[in-house]
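Here is the structure we will look at.
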Amino acid sequence: MISPPRRTTAYPDCEVDCQEAMEPGFQAIVDCMLDVGWQRGEVMRALRRLIAADNMTQKENARVETELAMARAIMRAGL
């Protein structure tokens with residue numbers, strides 16, 4: 001079971017708590033990858049690339065949402 005944050009608002013150890021909650025699942029993924037023959041370095045590089053790709057996706061989604069909001073505002077204004 002994954003532990004939820006201790007509070008619904010930001011608090012000093014929030015990131016540490018998140019990391020601790022994620023640790024068992026992270027280890028399970030790494031162990032599964034190693035069990036089927038991937039090397040630890042390959043797994044870690046792949047995880048870094050997945051994180052980078054997710055960051056890029058989030059930025060692109062935010063950009064598209066901003067453009068859509070602006071287009072909706074223009075349409076409502078009748079411009």
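The way I read the labels, and the way they are meant: chains A, B, ... in the order of the structure tokens, residue 1 as the first residue of every chain, and ligand 1 as the first ligand shown, with later ones counted on from there.
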
With 12 Å as the cut-off and only C-alpha atoms counted, what is the closest atom pair between each nearby residue of range 30-66 of chain A and range 12-25 of chain A? Distances in Å to one decimal, ordered by chain and number, as CSV.
residue,atom,partner,partner_atom,distance
A:Val30,CA,A:Gly25,CA,8.7
A:Asp31,CA,A:Gly25,CA,9.8
A:Cys32,CA,A:Gly25,CA,10.6

What would the file look like if the residues just selected were written as a PDB file, in the first residue's frame with all heavy atoms?
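Result file selection.pdb:
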ATOM      1  N   VAL A  30      12.740  -2.029 -10.339  1.00  0.00           N
ATOM      2  CA  VAL A  30      14.157  -2.291 -10.609  1.00  0.00           C
ATOM      3  C   VAL A  30      14.444  -3.785 -10.484  1.00  0.00           C
ATOM      4  O   VAL A  30      15.087  -4.379 -11.356  1.00  0.00           O
ATOM      5  CB  VAL A  30      15.069  -1.468  -9.675  1.00  0.00           C
ATOM      6  CG1 VAL A  30      16.527  -1.893  -9.806  1.00  0.00           C
ATOM      7  CG2 VAL A  30      14.919   0.026  -9.961  1.00  0.00           C
ATOM      8  N   ASP A  31      13.961  -4.416  -9.430  1.00  0.00           N
ATOM      9  CA  ASP A  31      14.197  -5.848  -9.232  1.00  0.00           C
ATOM     10  C   ASP A  31      13.630  -6.675 -10.380  1.00  0.00           C
ATOM     11  O   ASP A  31      14.285  -7.610 -10.854  1.00  0.00           O
ATOM     12  CB  ASP A  31      13.608  -6.320  -7.901  1.00  0.00           C
ATOM     13  CG  ASP A  31      14.361  -5.784  -6.688  1.00  0.00           C
ATOM     14  OD1 ASP A  31      15.502  -5.285  -6.860  1.00  0.00           O
ATOM     15  OD2 ASP A  31      13.803  -5.846  -5.576  1.00  0.00           O
ATOM     16  N   CYS A  32      12.426  -6.334 -10.840  1.00  0.00           N
ATOM     17  CA  CYS A  32      11.819  -7.062 -11.967  1.00  0.00           C
ATOM     18  C   CYS A  32      12.664  -6.913 -13.220  1.00  0.00           C
ATOM     19  O   CYS A  32      12.862  -7.886 -13.968  1.00  0.00           O
ATOM     20  CB  CYS A  32      10.396  -6.566 -12.227  1.00  0.00           C
ATOM     21  SG  CYS A  32       9.193  -7.099 -11.019  1.00  0.00           S
TER      22      CYS A  32
END

Once DSSP has gone over the backbone, tell me which residues of chain A are in helix (DSSP H, G or I), as a PyMOL selection string.
-> chain A and resi 14-35+40-77

Could the residues in this selection be written to a file with C-alpha atoms, as a PDB file, in the first residue's frame?
ATOM      1  CA  CYS A  14       6.668  16.391   1.837  1.00  0.00           C
ATOM      2  CA  GLU A  15       9.245  15.349  -0.770  1.00  0.00           C
ATOM      3  CA  VAL A  16      10.972  13.009   1.681  1.00  0.00           C
ATOM      4  CA  ASP A  17       7.619  11.410   2.523  1.00  0.00           C
ATOM      5  CA  CYS A  18       6.843  11.044  -1.190  1.00  0.00           C
ATOM      6  CA  GLN A  19      10.209   9.396  -1.797  1.00  0.00           C
ATOM      7  CA  GLU A  20       9.667   6.982   1.088  1.00  0.00           C
ATOM      8  CA  ALA A  21       6.187   6.122  -0.193  1.00  0.00           C
ATOM      9  CA  MET A  22       7.586   5.494  -3.676  1.00  0.00           C
ATOM     10  CA  GLU A  23      10.610   3.438  -2.592  1.00  0.00           C
ATOM     11  CA  PRO A  24       8.977  -0.027  -2.399  1.00  0.00           C
ATOM     12  CA  GLY A  25       7.399   0.317  -5.855  1.00  0.00           C
ATOM     13  CA  PHE A  26      10.623   1.680  -7.303  1.00  0.00           C
ATOM     14  CA  GLN A  27      12.612  -1.230  -5.883  1.00  0.00           C
ATOM     15  CA  ALA A  28      10.037  -3.689  -7.209  1.00  0.00           C
ATOM     16  CA  ILE A  29      10.355  -2.240 -10.740  1.00  0.00           C
ATOM     17  CA  VAL A  30      14.157  -2.291 -10.609  1.00  0.00           C
ATOM     18  CA  ASP A  31      14.197  -5.848  -9.232  1.00  0.00           C
ATOM     19  CA  CYS A  32      11.819  -7.062 -11.967  1.00  0.00           C
ATOM     20  CA  MET A  33      13.990  -5.466 -14.650  1.00  0.00           C
ATOM     21  CA  LEU A  34      17.141  -7.026 -13.208  1.00  0.00           C
ATOM     22  CA  ASP A  35      15.429 -10.422 -12.884  1.00  0.00           C
ATOM     23  CA  ARG A  40      21.273  -1.818 -13.359  1.00  0.00           C
ATOM     24  CA  GLY A  41      22.894   1.003 -15.362  1.00  0.00           C
ATOM     25  CA  GLU A  42      20.500   0.402 -18.265  1.00  0.00           C
ATOM     26  CA  VAL A  43      17.529   0.483 -15.913  1.00  0.00           C
ATOM     27  CA  MET A  44      18.661   3.704 -14.236  1.00  0.00           C
ATOM     28  CA  ARG A  45      19.332   5.430 -17.577  1.00  0.00           C
ATOM     29  CA  ALA A  46      15.928   4.335 -18.863  1.00  0.00           C
ATOM     30  CA  LEU A  47      14.239   5.687 -15.727  1.00  0.00           C
ATOM     31  CA  ARG A  48      16.019   9.042 -16.130  1.00  0.00           C
ATOM     32  CA  ARG A  49      14.868   9.203 -19.746  1.00  0.00           C
ATOM     33  CA  LEU A  50      11.302   8.367 -18.740  1.00  0.00           C
ATOM     34  CA  ILE A  51      11.376  11.175 -16.181  1.00  0.00           C
ATOM     35  CA  ALA A  52      12.758  13.610 -18.764  1.00  0.00           C
ATOM     36  CA  ALA A  53      10.097  12.561 -21.284  1.00  0.00           C
ATOM     37  CA  ASP A  54       7.368  13.023 -18.684  1.00  0.00           C
ATOM     38  CA  ASN A  55       8.693  16.511 -17.861  1.00  0.00           C
ATOM     39  CA  MET A  56       8.656  17.442 -21.547  1.00  0.00           C
ATOM     40  CA  THR A  57       5.125  16.068 -21.919  1.00  0.00           C
ATOM     41  CA  GLN A  58       3.908  18.081 -18.925  1.00  0.00           C
ATOM     42  CA  LYS A  59       5.451  21.277 -20.326  1.00  0.00           C
ATOM     43  CA  GLU A  60       3.932  20.673 -23.755  1.00  0.00           C
ATOM     44  CA  ASN A  61       0.523  19.936 -22.225  1.00  0.00           C
ATOM     45  CA  ALA A  62       0.684  23.184 -20.236  1.00  0.00           C
ATOM     46  CA  ARG A  63       1.623  25.114 -23.392  1.00  0.00           C
ATOM     47  CA  VAL A  64      -1.290  23.592 -25.324  1.00  0.00           C
ATOM     48  CA  GLU A  65      -3.716  24.296 -22.473  1.00  0.00           C
ATOM     49  CA  THR A  66      -2.579  27.933 -22.421  1.00  0.00           C
ATOM     50  CA  GLU A  67      -3.081  28.252 -26.164  1.00  0.00           C
ATOM     51  CA  LEU A  68      -6.539  26.673 -25.926  1.00  0.00           C
ATOM     52  CA  ALA A  69      -7.533  29.020 -23.111  1.00  0.00           C
ATOM     53  CA  MET A  70      -6.410  32.000 -25.153  1.00  0.00           C
ATOM     54  CA  ALA A  71      -8.301  30.763 -28.218  1.00  0.00           C
ATOM     55  CA  ARG A  72     -11.470  30.256 -26.131  1.00  0.00           C
ATOM     56  CA  ALA A  73     -11.142  33.768 -24.690  1.00  0.00           C
ATOM     57  CA  ILE A  74     -10.773  35.241 -28.181  1.00  0.00           C
ATOM     58  CA  MET A  75     -13.822  33.313 -29.403  1.00  0.00           C
ATOM     59  CA  ARG A  76     -15.895  34.493 -26.420  1.00  0.00           C
ATOM     60  CA  ALA A  77     -14.828  38.071 -27.062  1.00  0.00           C
TER      61      ALA A  77
END
